[in-house]
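Colleague: As input, take model_8.csv (CSV, C-alpha atoms):
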chain,number,residue,atom,x,y,z
A,1,MET,CA,-16.3,-56.1,20.3
A,2,LEU,CA,-15.5,-58.6,17.6
A,3,LYS,CA,-12.1,-57.1,16.6
A,4,SER,CA,-11.0,-56.9,20.3
A,5,LEU,CA,-11.5,-60.7,20.9
A,6,TRP,CA,-8.2,-62.6,20.9
A,7,VAL,CA,-9.9,-65.7,19.4
A,8,PHE,CA,-10.8,-63.6,16.3
A,9,LYS,CA,-7.4,-61.9,16.1
A,10,ASP,CA,-5.9,-65.4,16.1
A,11,PHE,CA,-8.1,-66.4,13.2
A,12,ASP,CA,-7.1,-63.2,11.4
A,13,VAL,CA,-3.5,-64.1,11.6
A,14,GLN,CA,-4.1,-67.6,10.3
A,15,PHE,CA,-6.3,-66.3,7.6
A,16,VAL,CA,-3.8,-63.7,6.2
A,17,GLN,CA,-0.8,-66.0,6.5
A,18,SER,CA,-2.5,-68.9,4.8
A,19,LEU,CA,-3.5,-66.9,1.7
A,20,SER,CA,-1.5,-67.3,-1.5
A,21,LEU,CA,-0.8,-64.2,-3.7
A,22,ASN,CA,-3.6,-65.3,-6.1
A,23,GLU,CA,-6.0,-65.7,-3.2
A,24,ARG,CA,-5.1,-62.2,-1.9
A,25,GLU,CA,-5.8,-60.8,-5.4
A,26,ALA,CA,-9.2,-62.5,-5.3
A,27,PHE,CA,-9.9,-61.1,-1.8
A,28,ARG,CA,-9.1,-57.5,-3.0
A,29,HIS,CA,-11.4,-58.1,-6.0
A,30,CYS,CA,-14.2,-59.2,-3.6
A,31,CYS,CA,-13.8,-56.0,-1.7
A,32,MET,CA,-14.3,-53.8,-4.8
A,33,GLY,CA,-17.5,-51.8,-4.5
A,34,ILE,CA,-17.6,-52.4,-0.8
A,35,ILE,CA,-14.8,-50.2,0.4
A,36,PRO,CA,-13.2,-47.2,-1.3
A,37,GLU,CA,-10.7,-47.9,-4.1
A,38,SER,CA,-8.0,-45.9,-2.3
A,39,LYS,CA,-8.1,-48.5,0.5
A,40,LEU,CA,-7.6,-51.3,-2.0
A,41,ASP,CA,-4.3,-49.8,-3.2
A,42,VAL,CA,-2.1,-52.1,-1.1
A,43,ASN,CA,0.9,-54.3,-1.5
A,44,LEU,CA,-0.7,-57.8,-1.4
A,45,SER,CA,2.5,-59.5,-0.7
A,46,ASN,CA,2.8,-57.6,2.6
A,47,ASP,CA,1.0,-59.2,5.6
A,48,GLY,CA,0.8,-55.8,7.4
A,49,GLU,CA,-1.1,-54.2,4.5
A,50,MET,CA,-3.5,-57.2,4.4
A,51,PHE,CA,-4.1,-56.8,8.1
A,52,ARG,CA,-4.9,-53.1,7.5
A,53,LEU,CA,-7.3,-54.0,4.8
A,54,ILE,CA,-9.2,-56.3,7.2
A,55,GLU,CA,-9.1,-53.6,9.9
A,56,PHE,CA,-10.8,-51.2,7.5
A,57,LEU,CA,-13.5,-53.7,7.0
A,58,TRP,CA,-14.0,-53.9,10.7
A,59,ASN,CA,-14.0,-50.1,11.2
A,60,ASP,CA,-16.4,-49.6,8.3
A,61,TYR,CA,-18.8,-52.2,9.8
A,62,GLN,CA,-18.5,-54.5,6.9
A,63,LEU,CA,-17.5,-57.2,9.3
A,64,SER,CA,-19.3,-57.9,12.6
A,65,LEU,CA,-20.3,-60.8,14.8
A,66,ASN,CA,-23.7,-60.7,13.2
A,67,ASP,CA,-22.4,-60.5,9.6
A,68,LEU,CA,-19.3,-62.4,8.6
A,69,SER,CA,-20.8,-63.1,5.1
A,70,LEU,CA,-18.0,-61.3,3.2
A,71,LEU,CA,-15.3,-63.7,4.6
A,72,LYS,CA,-17.6,-66.7,4.2
A,73,LYS,CA,-18.4,-66.0,0.6
A,74,PHE,CA,-14.8,-65.3,-0.2
A,75,LEU,CA,-13.5,-68.5,1.4
A,76,SER,CA,-16.1,-70.6,-0.3
A,77,SER,CA,-15.4,-69.0,-3.7
A,78,VAL,CA,-11.7,-69.8,-3.6
A,79,GLY,CA,-12.3,-73.3,-2.2
A,80,ARG,CA,-10.6,-72.6,1.2
A,81,PHE,CA,-13.0,-74.8,3.1
A,82,ASP,CA,-10.3,-75.4,5.8
A,83,MET,CA,-10.4,-71.7,6.7
A,84,LEU,CA,-14.2,-71.6,6.3
A,85,GLU,CA,-14.5,-74.3,8.9
A,86,ALA,CA,-12.1,-72.5,11.2
A,87,LEU,CA,-14.2,-69.3,10.8
A,88,GLU,CA,-17.4,-71.2,11.7
A,89,ARG,CA,-15.7,-72.6,14.8
A,90,VAL,CA,-14.7,-69.1,15.9
A,91,GLU,CA,-18.1,-67.6,15.1
A,92,LEU,CA,-19.9,-70.3,17.2
A,93,ARG,CA,-17.3,-69.9,20.0
A,94,ILE,CA,-18.1,-66.2,20.2
A,95,SER,CA,-21.8,-66.7,19.9
A,96,VAL,CA,-21.8,-69.2,22.8
A,97,GLY,CA,-19.8,-66.6,24.8
A,98,CYS,CA,-22.6,-64.1,24.1
A,99,VAL,CA,-25.1,-66.6,25.4
A,100,VAL,CA,-23.1,-67.0,28.6
A,101,GLU,CA,-22.8,-63.2,29.0
A,102,ASP,CA,-26.6,-62.7,28.4
A,103,TYR,CA,-27.3,-65.5,30.9
A,104,ILE,CA,-25.1,-63.8,33.6
A,105,LYS,CA,-26.9,-60.5,33.1
A,106,SER,CA,-30.3,-62.1,33.2
A,107,ALA,CA,-29.5,-64.1,36.3
A,108,ASN,CA,-28.1,-61.1,38.1
A,109,GLY,CA,-31.2,-59.1,37.3
A,110,VAL,CA,-33.4,-61.8,38.8
A,111,ARG,CA,-31.2,-62.0,42.0
A,112,GLN,CA,-31.7,-58.2,42.4
A,113,GLY,CA,-35.4,-58.6,42.3
A,114,GLY,CA,-35.9,-57.4,38.8
A,115,HIS,CA,-36.0,-58.7,35.3
A,116,VAL,CA,-33.5,-57.9,32.5
A,117,LYS,CA,-35.2,-57.8,29.1
A,118,LEU,CA,-32.5,-58.9,26.7
A,119,ALA,CA,-32.4,-57.4,23.2
A,120,SER,CA,-30.7,-60.5,21.9
A,121,ARG,CA,-31.1,-63.2,19.4
A,122,TYR,CA,-30.2,-65.7,22.1
A,123,THR,CA,-33.1,-64.9,24.4
A,124,ASN,CA,-34.7,-68.4,24.0
A,125,ILE,CA,-31.5,-70.2,24.8
A,126,VAL,CA,-30.8,-68.0,27.8
A,127,GLU,CA,-34.2,-68.7,29.1
A,128,PHE,CA,-33.6,-72.4,28.6
A,129,LEU,CA,-30.4,-72.2,30.6
A,130,ALA,CA,-32.2,-70.4,33.4
A,131,THR,CA,-34.9,-73.2,33.4
A,132,THR,CA,-32.1,-75.8,33.6
A,133,ARG,CA,-30.5,-74.0,36.6
A,134,GLU,CA,-33.8,-73.8,38.5
A,135,GLY,CA,-34.8,-77.4,37.8
A,136,ASN,CA,-31.5,-79.0,38.7
A,137,GLN,CA,-30.1,-76.9,41.6
A,138,GLU,CA,-29.4,-79.9,43.8
A,139,LEU,CA,-27.0,-81.3,41.2
A,140,ILE,CA,-25.5,-78.1,39.7
A,141,SER,CA,-25.0,-76.2,43.0
A,142,PRO,CA,-22.5,-78.6,44.5
A,143,ASN,CA,-20.3,-78.3,41.4
A,144,ILE,CA,-20.4,-74.5,41.6
A,145,GLU,CA,-19.7,-74.4,45.3
A,146,ALA,CA,-16.7,-76.9,44.9
A,147,LEU,CA,-15.2,-74.5,42.4
A,148,ARG,CA,-15.9,-71.4,44.5
A,149,GLU,CA,-13.9,-72.9,47.4
A,150,VAL,CA,-10.8,-72.5,45.3
A,151,ASN,CA,-9.3,-69.2,46.2
A,152,GLU,CA,-7.4,-68.2,43.0
A,153,ASN,CA,-9.5,-67.1,40.0
A,154,ASN,CA,-7.1,-68.6,37.5
A,155,LYS,CA,-7.2,-72.0,39.4
A,156,ILE,CA,-11.0,-71.9,39.3
A,157,LEU,CA,-10.9,-71.5,35.5
A,158,GLU,CA,-8.3,-74.3,35.2
A,159,ASP,CA,-10.3,-76.7,37.3
A,160,LEU,CA,-13.5,-75.9,35.4
A,161,ASP,CA,-11.7,-76.4,32.1
A,162,SER,CA,-10.4,-79.7,33.2
A,163,ALA,CA,-13.8,-80.9,34.4
A,164,ILE,CA,-15.4,-80.1,31.0
A,165,LEU,CA,-12.5,-81.5,29.0
A,166,ASP,CA,-12.6,-84.8,31.0
A,167,SER,CA,-16.4,-85.2,30.7
A,168,HIS,CA,-18.4,-87.2,28.2
A,169,LEU,CA,-20.2,-84.6,26.1
A,170,SER,CA,-23.8,-84.7,25.3
A,171,TRP,CA,-26.4,-81.9,24.8
A,172,SER,CA,-27.3,-82.1,28.4
A,173,THR,CA,-23.7,-81.9,29.6
A,174,VAL,CA,-23.1,-78.9,27.3
A,175,ILE,CA,-26.1,-77.1,28.7
A,176,SER,CA,-25.2,-77.8,32.3
A,177,SER,CA,-21.6,-76.7,31.6
A,178,LEU,CA,-22.8,-73.3,30.2
A,179,VAL,CA,-24.9,-72.8,33.3
A,180,ILE,CA,-22.0,-73.6,35.7
A,181,MET,CA,-19.6,-71.4,33.7
A,182,GLY,CA,-22.1,-68.5,33.7
A,183,GLU,CA,-22.6,-68.8,37.5
A,184,LEU,CA,-18.8,-68.9,38.2
A,185,TYR,CA,-17.8,-66.1,35.8
A,186,ALA,CA,-20.3,-63.8,37.5
A,187,SER,CA,-18.7,-64.6,40.9
A,188,LEU,CA,-15.2,-63.7,39.6
A,189,ARG,CA,-16.2,-60.1,38.7
A,190,PRO,CA,-19.4,-58.2,39.6
A,191,VAL,CA,-21.7,-58.0,36.6
A,192,ASP,CA,-22.3,-54.2,37.1
A,193,LEU,CA,-18.5,-53.7,36.8
A,194,ALA,CA,-18.0,-55.7,33.7
A,195,GLU,CA,-18.1,-54.0,30.3
A,196,ASN,CA,-20.0,-55.5,27.4
A,197,GLY,CA,-18.0,-58.3,26.0
A,198,TYR,CA,-16.0,-59.0,29.2
A,199,TYR,CA,-17.6,-62.4,29.7
A,200,VAL,CA,-17.6,-63.2,26.0
A,201,SER,CA,-13.8,-62.7,26.0
A,202,MET,CA,-13.4,-64.7,29.3
A,203,PHE,CA,-15.3,-67.7,27.8
A,204,SER,CA,-13.9,-67.7,24.3
A,205,GLU,CA,-10.3,-67.8,25.5
A,206,THR,CA,-10.8,-71.1,27.4
A,207,ARG,CA,-9.9,-74.6,26.2
A,208,ALA,CA,-13.4,-75.6,27.3
A,209,SER,CA,-15.0,-73.2,24.9
A,210,GLU,CA,-13.1,-74.7,22.0
A,211,CYS,CA,-14.0,-78.3,23.1
A,212,LEU,CA,-17.7,-77.4,23.6
A,213,THR,CA,-18.1,-75.5,20.3
A,214,VAL,CA,-16.4,-78.2,18.2
A,215,TRP,CA,-18.8,-80.8,19.7
A,216,MET,CA,-21.7,-78.5,19.1
A,217,LEU,CA,-20.8,-77.9,15.4
A,218,GLU,CA,-20.6,-81.7,14.9
A,219,ASN,CA,-24.0,-82.0,16.5
A,220,GLY,CA,-26.1,-79.3,14.9
A,221,GLY,CA,-24.7,-76.0,16.1
A,222,LEU,CA,-26.1,-73.5,18.5
A,223,VAL,CA,-29.7,-74.7,19.1
A,224,SER,CA,-32.1,-74.5,22.0
A,225,LYS,CA,-32.1,-78.3,22.4
A,226,GLN,CA,-35.3,-79.6,24.0
A,227,THR,CA,-33.5,-81.8,26.5
A,228,SER,CA,-35.6,-83.3,29.2
A,229,SER,CA,-34.9,-82.6,32.8
A,230,ASN,CA,-34.2,-86.3,33.4
A,231,ALA,CA,-31.6,-86.4,30.7
A,232,ILE,CA,-29.9,-83.3,32.1
A,233,ARG,CA,-29.9,-84.8,35.6
A,234,CYS,CA,-28.0,-87.9,34.3
A,235,SER,CA,-25.4,-86.0,32.5
A,236,ILE,CA,-24.1,-83.2,34.7
A,237,PHE,CA,-20.3,-83.6,35.1
A,238,SER,CA,-18.6,-83.9,38.5
A,239,VAL,CA,-16.0,-81.3,39.4
A,240,LYS,CA,-12.8,-82.4,41.1
A,241,THR,CA,-10.7,-79.5,42.3
A,242,SER,CA,-7.0,-79.8,42.6
A,243,GLN,CA,-5.4,-78.6,45.8
Output the file's structure as structure tokens, nothing else.

Modeller:
Amino acid sequence: MLKSLWVFKDFDVQFVQSLSLNEREAFRHCCMGIIPESKLDVNLSNDGEMFRLIEFLWNDYQLSLNDLSLLKKFLSSVGRFDMLEALERVELRISVGCVVEDYIKSANGVRQGGHVKLASRYTNIVEFLATTREGNQELISPNIEALREVNENNKILEDLDSAILDSHLSWSTVISSLVIMGELYASLRPVDLAENGYYVSMFSETRASECLTVWMLENGGLVSKQTSSNAIRCSIFSVKTSQ
């Protein structure tokens, strides 16, 4: 899934184009012993061959959402902390997208009278989002319904983006935003018709996802913040749909 996400492809392009020839030599050196030497026989001055080298790392499962350590260690070793920060933002953006997708699957299972057991490292956070939804329905539901009244899917996403971008972010606002996004995404396409990664892609390509994850990185990362119900009630943003 990772290599198919546009937000990671965009990082790849920035990563390759930002590397000096010496840094490319260092990257090839870091790959020695990890991938076959025949794959390391590339023209380092050629961006296309650098992209193929990274594609091999994907295909050989040396890079995945759960393990970006190779890139992180390399960027740290050559002092490219600008790209390391960019990678951490992308990683968190995708991780939060996975939380939203797991929340949608879990909520859909409950609505159908069952229970979806998630084999996920985000289970505790998903359960926290579900508790937030149940405890604050009278405040969250009007925002969801206001957005659902917009007929065009793209317009719904634009209005949701604008509402989040215009809001004053806090942990409780972030949490309620993820709940509302999950509920709306599920209404745009039936969960049983969406392939794995569909909602991750939908979330990670929004301006709101970038805004939320930048704030989250500055405030501790992806955590199951023990925000009180009262704090959440005071911080849910108000959606204004454009006609």

Colleague: Once you count all atoms listed in the file, what closest atom pair and distance in Å to one decimal does each residue of stretch 34-94 of chain A within 8 Å of stretch 9-24 of chain A have, with rows by chain and rising residue number, as CSV?

Modeller:
residue,atom,partner,partner_atom,distance
A:Leu44,CA,A:Arg24,CA,6.2
A:Ser45,CA,A:Leu21,CA,6.5
A:Asp47,CA,A:Val16,CA,6.6
A:Met50,CA,A:Val16,CA,6.8
A:Phe51,CA,A:Val16,CA,7.2
A:Val78,CA,A:Glu23,CA,7.0
A:Met83,CA,A:Phe15,CA,6.8
A:Ala86,CA,A:Phe11,CA,7.6
A:Leu87,CA,A:Phe11,CA,7.2
A:Val90,CA,A:Phe11,CA,7.6

Colleague: Quick one: residues within 7 Å of stretch 126-140 of chain A, all atoms listed in the file, excluding same-chain residues fewer than 6 positions away - as a count of residues only?

Modeller: 7

Colleague: Restricting the calculation to all atoms listed in the file: of A:Asn143, A:Arg207, A:Leu75, A:Gly182, which residue gets closest to A:Ser162?

Modeller: A:Arg207

Colleague: Hey, can you check how far atom CA of A:Ser187 sits from atom CA of A:Ser106?

Modeller: 14.1 Å

Colleague: Given the choices A:Leu5, A:Ile94, A:Ala208, A:Leu57, which gets closest to A:Glu158 if the distance is worked out from only C-alpha atoms?

Modeller: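 Of A:Leu5, A:Ile94, A:Ala208, A:Leu57, the one nearest A:Glu158 is A:Ala208, counting only C-alpha atoms.
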
Colleague: Quick one, how far is atom CA of A:His29 from atom CA of A:Ile54?

Modeller: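 Separation between atom CA of A:His29 and atom CA of A:Ile54: 13.5 Å.
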
Colleague: Atom CA of A:Glu218 and atom CA of A:Leu65 are how many Å apart?

Modeller: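 If I compute the distance from atom CA of A:Glu218 to atom CA of A:Leu65, I get 20.9 Å.
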
Colleague: Which one of A:Asp82, A:Glu88, A:Glu55, A:Glu25 sits closest to A:Val214 if you count only C-alpha atoms?

Modeller: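 The answer is A:Glu88, which sits nearest to A:Val214.
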
Colleague: Which of these residues is nearest to A:Ala146, using all atoms listed in the file: A:Val96, A:Val7, A:Leu184, A:Ile164?

Modeller: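 Among A:Val96, A:Val7, A:Leu184, A:Ile164, it is A:Leu184 that comes nearest to A:Ala146.
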
Colleague: Using only C-alpha atoms, which protein or nucleic acid residues come within 12 Å of A:Arg189? Drop anything in the same chain fewer than 6 positions from it, and give the result as a list of chain:residue names.

Modeller: A:Ile104, A:Asn108, A:Asn153, A:Gly182, A:Glu183, A:Glu195, A:Tyr198, A:Tyr199, A:Met202
